[in-house]
Each structure stands twice: as C-alpha cells, then as structure tokens.
$ cat model.pdb   # PDB, N, CA and C atoms
ATOM      1  N   MET A  61     -65.354 -80.527  52.891
ATOM      2  CA  MET A  61     -63.971 -80.951  52.840
ATOM      3  C   MET A  61     -63.549 -81.381  54.257
ATOM      4  N   PRO A  62     -63.049 -82.589  54.417
ATOM      5  CA  PRO A  62     -62.661 -83.075  55.741
ATOM      6  C   PRO A  62     -61.418 -82.363  56.266
ATOM      7  N   SER A  63     -61.323 -82.301  57.574
ATOM      8  CA  SER A  63     -60.153 -81.689  58.214
ATOM      9  C   SER A  63     -58.941 -82.596  58.023
ATOM     10  N   PRO A  64     -57.749 -81.998  57.906
ATOM     11  CA  PRO A  64     -56.547 -82.829  57.794
ATOM     12  C   PRO A  64     -56.278 -83.525  59.122
ATOM     13  N   LYS A  65     -55.617 -84.675  59.061
ATOM     14  CA  LYS A  65     -55.261 -85.415  60.275
ATOM     15  C   LYS A  65     -54.080 -84.737  60.951
ATOM     16  N   PRO A  66     -54.052 -84.759  62.285
ATOM     17  CA  PRO A  66     -52.898 -84.170  62.974
ATOM     18  C   PRO A  66     -51.644 -84.970  62.671
ATOM     19  N   LYS A  67     -50.515 -84.287  62.599
ATOM     20  CA  LYS A  67     -49.256 -84.944  62.249
ATOM     21  C   LYS A  67     -48.376 -85.211  63.462
ATOM     22  N   LYS A  68     -48.537 -84.391  64.504
ATOM     23  CA  LYS A  68     -47.745 -84.603  65.707
ATOM     24  C   LYS A  68     -48.441 -83.942  66.892
ATOM     25  N   VAL A  69     -48.025 -84.343  68.076
ATOM     26  CA  VAL A  69     -48.565 -83.790  69.310
ATOM     27  C   VAL A  69     -47.841 -82.483  69.609
ATOM     28  N   LYS A  70     -48.578 -81.489  70.083
ATOM     29  CA  LYS A  70     -47.972 -80.200  70.433
ATOM     30  C   LYS A  70     -46.998 -80.371  71.593
ATOM     31  N   SER A  71     -45.981 -79.549  71.622
ATOM     32  CA  SER A  71     -45.055 -79.515  72.748
ATOM     33  C   SER A  71     -45.700 -78.715  73.870
ATOM     34  N   LYS A  72     -45.506 -79.176  75.099
ATOM     35  CA  LYS A  72     -46.096 -78.513  76.260
ATOM     36  C   LYS A  72     -45.290 -77.261  76.600
ATOM     37  N   PRO A  73     -45.945 -76.093  76.674
ATOM     38  CA  PRO A  73     -45.236 -74.882  77.104
ATOM     39  C   PRO A  73     -44.777 -75.020  78.560
ATOM     40  N   LYS A  74     -43.715 -74.342  78.918
ATOM     41  CA  LYS A  74     -43.170 -74.449  80.272
ATOM     42  C   LYS A  74     -44.166 -74.010  81.338
ATOM     43  N   ALA A  75     -44.993 -73.015  81.044
ATOM     44  CA  ALA A  75     -45.931 -72.485  82.044
ATOM     45  C   ALA A  75     -47.221 -73.313  82.140
ATOM     46  N   ALA A  76     -47.428 -74.232  81.239
ATOM     47  CA  ALA A  76     -48.663 -75.024  81.229
ATOM     48  C   ALA A  76     -48.613 -76.117  82.287
ATOM     49  N   PHE A  77     -49.800 -76.532  82.729
ATOM     50  CA  PHE A  77     -49.892 -77.637  83.678
ATOM     51  C   PHE A  77     -50.871 -78.669  83.137
ATOM     52  N   HIS A  78     -50.676 -79.916  83.527
ATOM     53  CA  HIS A  78     -51.554 -80.989  83.075
ATOM     54  C   HIS A  78     -52.917 -80.855  83.732
ATOM     55  N   LEU A  79     -53.958 -81.209  83.019
ATOM     56  CA  LEU A  79     -55.315 -81.109  83.539
ATOM     57  C   LEU A  79     -55.651 -82.353  84.344
ATOM     58  N   THR A  80     -55.608 -82.214  85.639
ATOM     59  CA  THR A  80     -56.014 -83.277  86.544
ATOM     60  C   THR A  80     -57.203 -82.765  87.340
ATOM     61  N   LEU A  81     -57.887 -83.644  88.051
ATOM     62  CA  LEU A  81     -59.022 -83.199  88.851
ATOM     63  C   LEU A  81     -58.612 -82.105  89.835
ATOM     64  N   ALA A  82     -57.445 -82.235  90.420
ATOM     65  CA  ALA A  82     -56.979 -81.235  91.378
ATOM     66  C   ALA A  82     -56.774 -79.875  90.715
ATOM     67  N   ASN A  83     -56.365 -79.863  89.454
ATOM     68  CA  ASN A  83     -56.102 -78.608  88.758
ATOM     69  C   ASN A  83     -57.349 -77.940  88.208
ATOM     70  N   VAL A  84     -58.443 -78.668  88.079
ATOM     71  CA  VAL A  84     -59.664 -78.067  87.536
ATOM     72  C   VAL A  84     -60.777 -78.009  88.582
ATOM     73  N   ALA A  85     -60.451 -78.252  89.836
ATOM     74  CA  ALA A  85     -61.430 -78.167  90.925
ATOM     75  C   ALA A  85     -61.399 -76.758  91.519
ATOM     76  N   ALA A  86     -62.440 -76.435  92.237
ATOM     77  CA  ALA A  86     -62.505 -75.140  92.915
ATOM     78  C   ALA A  86     -61.370 -75.045  93.935
ATOM     79  N   PRO A  87     -60.929 -73.842  94.232
ATOM     80  CA  PRO A  87     -59.854 -73.678  95.216
ATOM     81  C   PRO A  87     -60.233 -74.270  96.570
ATOM     82  N   LYS A  88     -59.255 -74.867  97.239
ATOM     83  CA  LYS A  88     -59.505 -75.453  98.560
ATOM     84  C   LYS A  88     -60.002 -74.379  99.512
ATOM     85  N   GLY A  89     -60.916 -74.779 100.385
ATOM     86  CA  GLY A  89     -61.460 -73.849 101.361
ATOM     87  C   GLY A  89     -62.632 -73.036 100.855
ATOM     88  N   SER A  90     -63.003 -73.223  99.584
ATOM     89  CA  SER A  90     -64.143 -72.497  99.037
ATOM     90  C   SER A  90     -65.433 -72.989  99.686
ATOM     91  N   SER A  91     -66.398 -72.101  99.804
ATOM     92  CA  SER A  91     -67.699 -72.481 100.352
ATOM     93  C   SER A  91     -68.437 -73.359  99.336
ATOM     94  N   THR A  92     -69.466 -74.041  99.814
ATOM     95  CA  THR A  92     -70.279 -74.859  98.901
ATOM     96  C   THR A  92     -70.839 -73.987  97.790
ATOM     97  N   LEU A  93     -71.339 -72.811  98.139
ATOM     98  CA  LEU A  93     -71.914 -71.908  97.143
ATOM     99  C   LEU A  93     -70.887 -71.550  96.073
ATOM    100  N   ASN A  94     -69.670 -71.206  96.484
ATOM    101  CA  ASN A  94     -68.630 -70.856  95.511
ATOM    102  C   ASN A  94     -68.229 -72.051  94.658
ATOM    103  N   ARG A  95     -68.224 -73.237  95.248
ATOM    104  CA  ARG A  95     -67.879 -74.443  94.483
ATOM    105  C   ARG A  95     -68.976 -74.770  93.467
ATOM    106  N   VAL A  96     -70.235 -74.556  93.837
ATOM    107  CA  VAL A  96     -71.343 -74.772  92.889
ATOM    108  C   VAL A  96     -71.226 -73.767  91.744
ATOM    109  N   LYS A  97     -70.957 -72.516  92.058
ATOM    110  CA  LYS A  97     -70.770 -71.498  91.014
ATOM    111  C   LYS A  97     -69.597 -71.873  90.110
ATOM    112  N   PHE A  98     -68.529 -72.397  90.695
ATOM    113  CA  PHE A  98     -67.365 -72.834  89.930
ATOM    114  C   PHE A  98     -67.763 -73.922  88.932
ATOM    115  N   CYS A  99     -68.642 -74.842  89.353
ATOM    116  CA  CYS A  99     -69.100 -75.917  88.468
ATOM    117  C   CYS A  99     -70.027 -75.396  87.374
ATOM    118  N   ILE A 100     -70.805 -74.378  87.665
ATOM    119  CA  ILE A 100     -71.735 -73.804  86.684
ATOM    120  C   ILE A 100     -70.998 -72.964  85.646
ATOM    121  N   ALA A 101     -69.922 -72.304  86.047
ATOM    122  CA  ALA A 101     -69.227 -71.331  85.200
ATOM    123  C   ALA A 101     -68.892 -71.816  83.786
ATOM    124  N   PRO A 102     -68.405 -73.057  83.579
ATOM    125  CA  PRO A 102     -68.081 -73.473  82.208
ATOM    126  C   PRO A 102     -69.307 -73.593  81.288
ATOM    127  N   TYR A 103     -70.492 -73.643  81.847
ATOM    128  CA  TYR A 103     -71.707 -73.814  81.057
ATOM    129  C   TYR A 103     -72.312 -72.497  80.587
ATOM    130  N   THR A 104     -71.808 -71.366  81.068
ATOM    131  CA  THR A 104     -72.433 -70.083  80.759
ATOM    132  C   THR A 104     -71.390 -68.989  80.592
ATOM    133  N   ASN A 105     -71.789 -67.957  79.872
ATOM    134  CA  ASN A 105     -70.953 -66.763  79.748
ATOM    135  C   ASN A 105     -71.404 -65.680  80.718
ATOM    136  N   VAL A 106     -72.406 -65.959  81.518
ATOM    137  CA  VAL A 106     -72.926 -64.992  82.482
ATOM    138  C   VAL A 106     -71.900 -64.794  83.592
ATOM    139  N   ARG A 107     -71.528 -63.557  83.832
ATOM    140  CA  ARG A 107     -70.609 -63.212  84.910
ATOM    141  C   ARG A 107     -71.077 -61.901  85.505
ATOM    142  N   PRO A 108     -71.168 -61.749  86.764
ATOM    143  CA  PRO A 108     -70.996 -62.784  87.768
ATOM    144  C   PRO A 108     -72.236 -63.674  87.847
ATOM    145  N   ILE A 109     -72.046 -64.865  88.373
ATOM    146  CA  ILE A 109     -73.172 -65.764  88.616
ATOM    147  C   ILE A 109     -73.725 -65.388  89.986
ATOM    148  N   LYS A 110     -74.964 -64.930  90.001
ATOM    149  CA  LYS A 110     -75.564 -64.477  91.267
ATOM    150  C   LYS A 110     -76.370 -65.594  91.909
ATOM    151  N   ASN A 111     -76.475 -65.527  93.219
ATOM    152  CA  ASN A 111     -77.139 -66.574  94.003
ATOM    153  C   ASN A 111     -78.585 -66.803  93.589
ATOM    154  N   GLU A 112     -79.278 -65.757  93.168
ATOM    155  CA  GLU A 112     -80.696 -65.877  92.842
ATOM    156  C   GLU A 112     -80.978 -66.340  91.414
ATOM    157  N   TYR A 113     -79.956 -66.453  90.571
ATOM    158  CA  TYR A 113     -80.165 -66.900  89.188
ATOM    159  C   TYR A 113     -80.654 -68.343  89.168
ATOM    160  N   HIS A 114     -81.500 -68.651  88.194
ATOM    161  CA  HIS A 114     -81.991 -70.023  88.020
ATOM    162  C   HIS A 114     -80.938 -70.846  87.290
ATOM    163  N   VAL A 115     -80.685 -72.050  87.784
ATOM    164  CA  VAL A 115     -79.646 -72.892  87.172
ATOM    165  C   VAL A 115     -80.028 -73.305  85.755
ATOM    166  N   GLY A 116     -81.318 -73.464  85.474
ATOM    167  CA  GLY A 116     -81.754 -73.839  84.128
ATOM    168  C   GLY A 116     -81.451 -72.774  83.094
ATOM    169  N   ALA A 117     -81.434 -71.503  83.504
ATOM    170  CA  ALA A 117     -81.103 -70.410  82.592
ATOM    171  C   ALA A 117     -79.599 -70.330  82.342
ATOM    172  N   LEU A 118     -78.822 -70.867  83.269
ATOM    173  CA  LEU A 118     -77.362 -70.817  83.152
ATOM    174  C   LEU A 118     -76.769 -72.049  82.477
ATOM    175  N   CYS A 119     -77.453 -73.167  82.589
ATOM    176  CA  CYS A 119     -76.894 -74.446  82.153
ATOM    177  C   CYS A 119     -77.946 -75.214  81.346
ATOM    178  N   GLN A 120     -77.631 -75.542  80.102
ATOM    179  CA  GLN A 120     -78.592 -76.249  79.253
ATOM    180  C   GLN A 120     -78.749 -77.713  79.627
ATOM    181  N   ASP A 121     -77.722 -78.337  80.148
ATOM    182  CA  ASP A 121     -77.817 -79.756  80.501
ATOM    183  C   ASP A 121     -77.554 -79.925  81.992
ATOM    184  N   LEU A 122     -78.622 -79.988  82.755
ATOM    185  CA  LEU A 122     -78.503 -80.074  84.212
ATOM    186  C   LEU A 122     -77.968 -81.426  84.673
ATOM    187  N   ASP A 123     -78.113 -82.455  83.836
ATOM    188  CA  ASP A 123     -77.553 -83.761  84.202
ATOM    189  C   ASP A 123     -76.028 -83.735  84.166
ATOM    190  N   PHE A 124     -75.451 -83.032  83.197
ATOM    191  CA  PHE A 124     -73.992 -82.881  83.167
ATOM    192  C   PHE A 124     -73.527 -82.067  84.368
ATOM    193  N   LEU A 125     -74.291 -81.046  84.716
ATOM    194  CA  LEU A 125     -73.959 -80.264  85.902
ATOM    195  C   LEU A 125     -73.987 -81.156  87.136
ATOM    196  N   GLY A 126     -74.995 -82.004  87.246
ATOM    197  CA  GLY A 126     -75.076 -82.941  88.365
ATOM    198  C   GLY A 126     -73.865 -83.859  88.419
ATOM    199  N   ALA A 127     -73.428 -84.331  87.261
ATOM    200  CA  ALA A 127     -72.234 -85.190  87.205
ATOM    201  C   ALA A 127     -71.002 -84.417  87.665
ATOM    202  N   ASP A 128     -70.894 -83.158  87.253
ATOM    203  CA  ASP A 128     -69.765 -82.334  87.690
ATOM    204  C   ASP A 128     -69.805 -82.108  89.199
ATOM    205  N   LEU A 129     -70.992 -81.898  89.743
ATOM    206  CA  LEU A 129     -71.121 -81.718  91.194
ATOM    207  C   LEU A 129     -70.744 -82.997  91.928
ATOM    208  N   ASN A 130     -71.117 -84.151  91.368
ATOM    209  CA  ASN A 130     -70.725 -85.431  91.976
ATOM    210  C   ASN A 130     -69.214 -85.532  92.091
ATOM    211  N   VAL A 131     -68.511 -85.112  91.049
ATOM    212  CA  VAL A 131     -67.044 -85.175  91.040
ATOM    213  C   VAL A 131     -66.465 -84.120  91.974
ATOM    214  N   GLU A 132     -66.942 -82.894  91.856
ATOM    215  CA  GLU A 132     -66.414 -81.788  92.660
ATOM    216  C   GLU A 132     -66.523 -82.064  94.156
ATOM    217  N   PHE A 133     -67.653 -82.639  94.566
ATOM    218  CA  PHE A 133     -67.884 -82.853  95.988
ATOM    219  C   PHE A 133     -67.590 -84.290  96.434
ATOM    220  N   GLY A 134     -67.141 -85.131  95.515
ATOM    221  CA  GLY A 134     -66.819 -86.511  95.866
ATOM    222  C   GLY A 134     -68.039 -87.283  96.355
ATOM    223  N   LEU A 135     -69.199 -86.996  95.767
ATOM    224  CA  LEU A 135     -70.430 -87.662  96.185
ATOM    225  C   LEU A 135     -70.438 -89.102  95.690
ATOM    226  N   THR A 136     -70.808 -90.024  96.567
ATOM    227  CA  THR A 136     -70.834 -91.440  96.210
ATOM    228  C   THR A 136     -72.149 -92.059  96.647
ATOM    229  N   GLY A 137     -72.466 -93.211  96.075
ATOM    230  CA  GLY A 137     -73.652 -93.969  96.468
ATOM    231  C   GLY A 137     -74.916 -93.134  96.452
ATOM    232  N   LYS A 138     -75.644 -93.143  97.565
ATOM    233  CA  LYS A 138     -76.924 -92.439  97.667
ATOM    234  C   LYS A 138     -76.766 -90.919  97.679
ATOM    235  N   GLN A 139     -75.555 -90.433  97.850
ATOM    236  CA  GLN A 139     -75.309 -88.988  97.841
ATOM    237  C   GLN A 139     -75.381 -88.412  96.430
ATOM    238  N   GLN A 140     -75.073 -89.206  95.429
ATOM    239  CA  GLN A 140     -74.907 -88.707  94.067
ATOM    240  C   GLN A 140     -76.197 -88.120  93.492
ATOM    241  N   PHE A 141     -76.005 -87.084  92.673
ATOM    242  CA  PHE A 141     -77.124 -86.557  91.900
ATOM    243  C   PHE A 141     -77.497 -87.586  90.847
ATOM    244  N   TRP A 142     -78.789 -87.756  90.590
ATOM    245  CA  TRP A 142     -79.253 -88.688  89.579
ATOM    246  C   TRP A 142     -79.927 -87.913  88.451
ATOM    247  N   ARG A 143     -80.078 -88.572  87.328
ATOM    248  CA  ARG A 143     -80.641 -87.944  86.130
ATOM    249  C   ARG A 143     -82.002 -87.333  86.444
ATOM    250  N   GLY A 144     -82.172 -86.080  86.104
ATOM    251  CA  GLY A 144     -83.432 -85.381  86.275
ATOM    252  C   GLY A 144     -83.665 -84.825  87.674
ATOM    253  N   GLU A 145     -82.715 -84.987  88.577
ATOM    254  CA  GLU A 145     -82.911 -84.534  89.955
ATOM    255  C   GLU A 145     -82.859 -83.012  90.083
ATOM    256  N   ILE A 146     -81.920 -82.381  89.419
ATOM    257  CA  ILE A 146     -81.790 -80.921  89.498
ATOM    258  C   ILE A 146     -82.870 -80.296  88.620
ATOM    259  N   GLU A 147     -83.619 -79.384  89.193
ATOM    260  CA  GLU A 147     -84.716 -78.735  88.463
ATOM    261  C   GLU A 147     -84.271 -77.365  87.961
ATOM    262  N   SER A 148     -84.724 -77.013  86.764
ATOM    263  CA  SER A 148     -84.259 -75.790  86.111
ATOM    264  C   SER A 148     -84.636 -74.514  86.855
ATOM    265  N   ASP A 149     -85.704 -74.544  87.657
ATOM    266  CA  ASP A 149     -86.106 -73.322  88.351
ATOM    267  C   ASP A 149     -85.439 -73.153  89.723
ATOM    268  N   TRP A 150     -84.548 -74.077  90.094
ATOM    269  CA  TRP A 150     -83.794 -73.917  91.333
ATOM    270  C   TRP A 150     -82.838 -72.742  91.192
ATOM    271  N   SER A 151     -82.690 -71.976  92.246
ATOM    272  CA  SER A 151     -81.691 -70.908  92.236
ATOM    273  C   SER A 151     -80.319 -71.528  92.519
ATOM    274  N   VAL A 152     -79.294 -70.781  92.231
ATOM    275  CA  VAL A 152     -77.929 -71.235  92.512
ATOM    276  C   VAL A 152     -77.783 -71.479  94.018
ATOM    277  N   GLN A 153     -78.353 -70.590  94.827
ATOM    278  CA  GLN A 153     -78.289 -70.751  96.281
ATOM    279  C   GLN A 153     -79.008 -72.024  96.723
ATOM    280  N   TYR A 154     -80.183 -72.288  96.139
ATOM    281  CA  TYR A 154     -80.936 -73.490  96.490
ATOM    282  C   TYR A 154     -80.127 -74.743  96.139
ATOM    283  N   LEU A 155     -79.484 -74.740  94.956
ATOM    284  CA  LEU A 155     -78.664 -75.878  94.543
ATOM    285  C   LEU A 155     -77.504 -76.092  95.514
ATOM    286  N   ALA A 156     -76.885 -75.007  95.973
ATOM    287  CA  ALA A 156     -75.789 -75.125  96.946
ATOM    288  C   ALA A 156     -76.305 -75.705  98.269
ATOM    289  N   ASP A 157     -77.448 -75.223  98.729
ATOM    290  CA  ASP A 157     -78.027 -75.741  99.971
ATOM    291  C   ASP A 157     -78.422 -77.205  99.815
ATOM    292  N   TYR A 158     -78.977 -77.550  98.665
ATOM    293  CA  TYR A 158     -79.368 -78.932  98.379
ATOM    294  C   TYR A 158     -78.135 -79.840  98.336
ATOM    295  N   THR A 159     -77.052 -79.321  97.763
ATOM    296  CA  THR A 159     -75.801 -80.080  97.700
ATOM    297  C   THR A 159     -75.281 -80.354  99.111
ATOM    298  N   ASP A 160     -75.395 -79.378  99.993
ATOM    299  CA  ASP A 160     -74.995 -79.600 101.390
ATOM    300  C   ASP A 160     -75.835 -80.717 102.016
ATOM    301  N   LEU A 161     -77.138 -80.747 101.716
ATOM    302  CA  LEU A 161     -77.991 -81.825 102.218
ATOM    303  C   LEU A 161     -77.548 -83.179 101.671
ATOM    304  N   LYS A 162     -77.221 -83.225 100.381
ATOM    305  CA  LYS A 162     -76.777 -84.475  99.745
ATOM    306  C   LYS A 162     -75.500 -84.994 100.419
ATOM    307  N   ARG A 163     -74.619 -84.076 100.798
ATOM    308  CA  ARG A 163     -73.346 -84.465 101.410
ATOM    309  C   ARG A 163     -73.562 -85.120 102.781
ATOM    310  N   LYS A 164     -74.660 -84.806 103.438
ATOM    311  CA  LYS A 164     -74.943 -85.363 104.767
ATOM    312  C   LYS A 164     -75.567 -86.761 104.720
ATOM    313  N   VAL A 165     -76.049 -87.162 103.536
ATOM    314  CA  VAL A 165     -76.672 -88.488 103.387
ATOM    315  C   VAL A 165     -75.577 -89.560 103.500
ATOM    316  N   GLN A 166     -75.895 -90.664 104.148
ATOM    317  CA  GLN A 166     -74.961 -91.788 104.238
ATOM    318  C   GLN A 166     -74.841 -92.443 102.867
ATOM    319  N   PRO A 167     -73.617 -92.589 102.341
ATOM    320  CA  PRO A 167     -73.438 -93.163 101.001
ATOM    321  C   PRO A 167     -73.973 -94.572 100.953
TER     322      PRO A 167
END

$ encode --input "model.pdb" --output "structure tokens"
Amino acid sequence: MPSPKPKKVKSKPKAAFHLTLANVAAPKGSSTLNRVKFCIAPYTNVRPIKNEYHVGALCQDLDFLGADLNVEFGLTGKQQFWRGEIESDWSVQYLADYTDLKRKVQP
C-alpha cells in the first residue's frame, strides 16, 4: 500500500533552526581529529569514537565520508578526497593526520 501524499508543510517550531552548512559543521576551533570524528558520527552508533578505531568499521561508504570531509574542511581542487582514496583499515587518527596533509596541498 503506497504512502499518502503530504498535504502541507510542517510549521517551524520556535526553537528550531534551519539546516545550513554552518549549523551542521563541527564547532569552530575544533581540532582536525575532532572534526573528522564529527564527520564520522552520523555514519555509526559507536560512541565514543576512539582514535584507534578503523574508519571502515565505523562507516560503510567511505566515499560519502570523503565528500563530507571535503565540505567540512573546504577542500578544493587537488586537496579533495577522490573516490576510493580513504582505505577501510585507516584509523581515525590516521585519517585526521592524512586530512591535515591534504589541507597543505596547493589546490
């Protein structure tokens, strides 16, 4: 049986905020490691995310994670993660260190 079609848009509660990149990004001043963990968090129910955990065990689609990291860190051109670049056996710490290296590349 198909779902019924929506009839109207919900009213926004007073305490709610619109979802913009600024509202769903890691807090300003966070370390690279904390920002990487922030990007991994929506992909897993594992809490806390520890530095030594393998990213492949936490995230089923590493390419989507790479895309999220590109957005989170504003990576452009040659800095960007590409399909298949992140390996499942990398630790969270290794991914954070690798992300720092990517940020130093000239776009």

$ resolve_selection --input "model.pdb" --expression "the PyMOL selection byres ((chain A and resi 154-164) around 6)" --output "NGL selection string"
:A and (92-93 or 139 or 150-153 or 165-166)

$ closest_residue --input "model.pdb" --among "A:Cys99, A:Val69, A:Asn111, A:Pro62" --to "Ala85 (chain A)" --atoms "all atoms listed in the file"
A:Cys99

$ residues_around --input "model.pdb" --residues "Asp128 (chain A)" --least-positions-apart "6" --cutoff "8 Å" --atoms "all atoms listed in the file" --output "NGL selection string"
:A and (99-100 or 122 or 134)

$ resolve_selection --input "model.pdb" --expression "the PyMOL selection byres (((chain A and resi 149 and name CA) around 9) and name CA)" --output "list in words"
Tyr113, His114, Val115, Gly116, Ala117, Ile146, Glu147, Ser148, Trp150 and Ser151 of chain A

$ axis_aligned_box --input "model.pdb" --around "region 87-106 of chain A" --padding-each-side "4 Å" --output "AutoDock Vina command-line options"
--center_x -66.1 --center_y -70.4 --center_z 90.6 --size_x 21.7 --size_y 19.1 --size_z 29.6

$ select_by_dssp --input "model.pdb" --residues "region 78-127 of chain A" --states "helix (DSSP H, G or I)" --output "list in words"
Leu81, Ala82, Asn83, Val84, Thr92, Leu93, Asn94, Arg95, Val96, Lys97, Phe98, Cys99, Ile100, Ala101, Pro102, Tyr103, Val115, Gly116, Ala117, Leu118, Leu122, Asp123, Phe124, Leu125, Gly126 and Ala127 of chain A

$ atom_distance --input "model.pdb" --atom1 "CA of Asn130 (chain A)" --atom2 "CA of Val96 (chain A)"
10.7 Å

$ residues_near_point --input "model.pdb" --point "(-75.8, -85.5, 90.3)" --cutoff "6.5 Å" --atoms "all atoms listed in the file" --output "count of residues only"
11

$ atom_distance --input "model.pdb" --atom1 "CA of Pro66 (chain A)" --atom2 "CA of His78 (chain A)"
20.4 Å

$ closest_residue --input "model.pdb" --among "A:Glu145, A:Ala76, A:Lys70, A:Ala86" --to "Glu132 (chain A)" --atoms "only N, CA and C atoms"
A:Ala86

$ atom_distance --input "model.pdb" --atom1 "atom C of Lys110 (chain A)" --atom2 "atom C of Lys88 (chain A)"
20.1 Å

$ closest_residue --input "model.pdb" --among "A:Lys72, A:Tyr103, A:Pro167, A:Leu79" --to "Asp121 (chain A)" --atoms "all atoms listed in the file"
A:Tyr103

$ decode --input "model.pdb" --residues "region 118-125 of chain A" --atoms "all heavy atoms" --output "PDB file, in the first residue's frame"
ATOM      1  N   LEU A 118      33.507   1.799  11.054  1.00  0.00           N
ATOM      2  CA  LEU A 118      32.564   2.825  11.507  1.00  0.00           C
ATOM      3  C   LEU A 118      31.656   3.341  10.396  1.00  0.00           C
ATOM      4  O   LEU A 118      30.554   3.802  10.650  1.00  0.00           O
ATOM      5  CB  LEU A 118      33.335   4.011  12.093  1.00  0.00           C
ATOM      6  CG  LEU A 118      34.192   3.718  13.318  1.00  0.00           C
ATOM      7  CD1 LEU A 118      35.070   4.915  13.649  1.00  0.00           C
ATOM      8  CD2 LEU A 118      33.318   3.342  14.502  1.00  0.00           C
ATOM      9  N   CYS A 119      32.132   3.279   9.172  1.00  0.00           N
ATOM     10  CA  CYS A 119      31.439   3.917   8.053  1.00  0.00           C
ATOM     11  C   CYS A 119      31.384   2.948   6.867  1.00  0.00           C
ATOM     12  O   CYS A 119      32.428   2.532   6.372  1.00  0.00           O
ATOM     13  CB  CYS A 119      32.189   5.192   7.681  1.00  0.00           C
ATOM     14  SG  CYS A 119      31.454   6.106   6.337  1.00  0.00           S
ATOM     15  N   GLN A 120      30.185   2.623   6.408  1.00  0.00           N
ATOM     16  CA  GLN A 120      30.044   1.679   5.297  1.00  0.00           C
ATOM     17  C   GLN A 120      30.423   2.282   3.956  1.00  0.00           C
ATOM     18  O   GLN A 120      30.863   1.563   3.077  1.00  0.00           O
ATOM     19  CB  GLN A 120      28.608   1.151   5.232  1.00  0.00           C
ATOM     20  CG  GLN A 120      28.273   0.234   6.374  1.00  0.00           C
ATOM     21  CD  GLN A 120      26.893  -0.369   6.222  1.00  0.00           C
ATOM     22  OE1 GLN A 120      26.230  -0.199   5.209  1.00  0.00           O
ATOM     23  NE2 GLN A 120      26.453  -1.081   7.232  1.00  0.00           N
ATOM     24  N   ASP A 121      30.243   3.567   3.776  1.00  0.00           N
ATOM     25  CA  ASP A 121      30.569   4.189   2.491  1.00  0.00           C
ATOM     26  C   ASP A 121      31.629   5.264   2.703  1.00  0.00           C
ATOM     27  O   ASP A 121      31.323   6.395   3.063  1.00  0.00           O
ATOM     28  CB  ASP A 121      29.328   4.786   1.834  1.00  0.00           C
ATOM     29  CG  ASP A 121      29.572   5.139   0.379  1.00  0.00           C
ATOM     30  OD1 ASP A 121      30.697   5.574   0.041  1.00  0.00           O
ATOM     31  OD2 ASP A 121      28.652   4.969  -0.435  1.00  0.00           O
ATOM     32  N   LEU A 122      32.869   4.893   2.480  1.00  0.00           N
ATOM     33  CA  LEU A 122      33.985   5.810   2.722  1.00  0.00           C
ATOM     34  C   LEU A 122      34.034   6.946   1.705  1.00  0.00           C
ATOM     35  O   LEU A 122      34.612   7.990   1.981  1.00  0.00           O
ATOM     36  CB  LEU A 122      35.297   5.027   2.743  1.00  0.00           C
ATOM     37  CG  LEU A 122      35.389   3.991   3.874  1.00  0.00           C
ATOM     38  CD1 LEU A 122      36.665   3.176   3.741  1.00  0.00           C
ATOM     39  CD2 LEU A 122      35.306   4.652   5.227  1.00  0.00           C
ATOM     40  N   ASP A 123      33.425   6.742   0.535  1.00  0.00           N
ATOM     41  CA  ASP A 123      33.383   7.829  -0.450  1.00  0.00           C
ATOM     42  C   ASP A 123      32.469   8.957   0.015  1.00  0.00           C
ATOM     43  O   ASP A 123      32.770  10.135  -0.177  1.00  0.00           O
ATOM     44  CB  ASP A 123      32.955   7.310  -1.821  1.00  0.00           C
ATOM     45  CG  ASP A 123      34.000   6.406  -2.450  1.00  0.00           C
ATOM     46  OD1 ASP A 123      35.198   6.554  -2.116  1.00  0.00           O
ATOM     47  OD2 ASP A 123      33.631   5.546  -3.270  1.00  0.00           O
ATOM     48  N   PHE A 124      31.352   8.618   0.652  1.00  0.00           N
ATOM     49  CA  PHE A 124      30.483   9.655   1.216  1.00  0.00           C
ATOM     50  C   PHE A 124      31.199  10.377   2.350  1.00  0.00           C
ATOM     51  O   PHE A 124      31.097  11.598   2.479  1.00  0.00           O
ATOM     52  CB  PHE A 124      29.159   9.075   1.730  1.00  0.00           C
ATOM     53  CG  PHE A 124      28.116   8.936   0.672  1.00  0.00           C
ATOM     54  CD1 PHE A 124      27.670   7.690   0.277  1.00  0.00           C
ATOM     55  CD2 PHE A 124      27.572  10.054   0.058  1.00  0.00           C
ATOM     56  CE1 PHE A 124      26.704   7.564  -0.709  1.00  0.00           C
ATOM     57  CE2 PHE A 124      26.605   9.941  -0.927  1.00  0.00           C
ATOM     58  CZ  PHE A 124      26.171   8.685  -1.306  1.00  0.00           C
ATOM     59  N   LEU A 125      31.937   9.627   3.149  1.00  0.00           N
ATOM     60  CA  LEU A 125      32.718  10.250   4.211  1.00  0.00           C
ATOM     61  C   LEU A 125      33.729  11.219   3.612  1.00  0.00           C
ATOM     62  O   LEU A 125      33.894  12.337   4.103  1.00  0.00           O
ATOM     63  CB  LEU A 125      33.427   9.193   5.056  1.00  0.00           C
ATOM     64  CG  LEU A 125      34.380   9.716   6.131  1.00  0.00           C
ATOM     65  CD1 LEU A 125      33.658  10.625   7.124  1.00  0.00           C
ATOM     66  CD2 LEU A 125      35.053   8.550   6.845  1.00  0.00           C
TER      67      LEU A 125
END
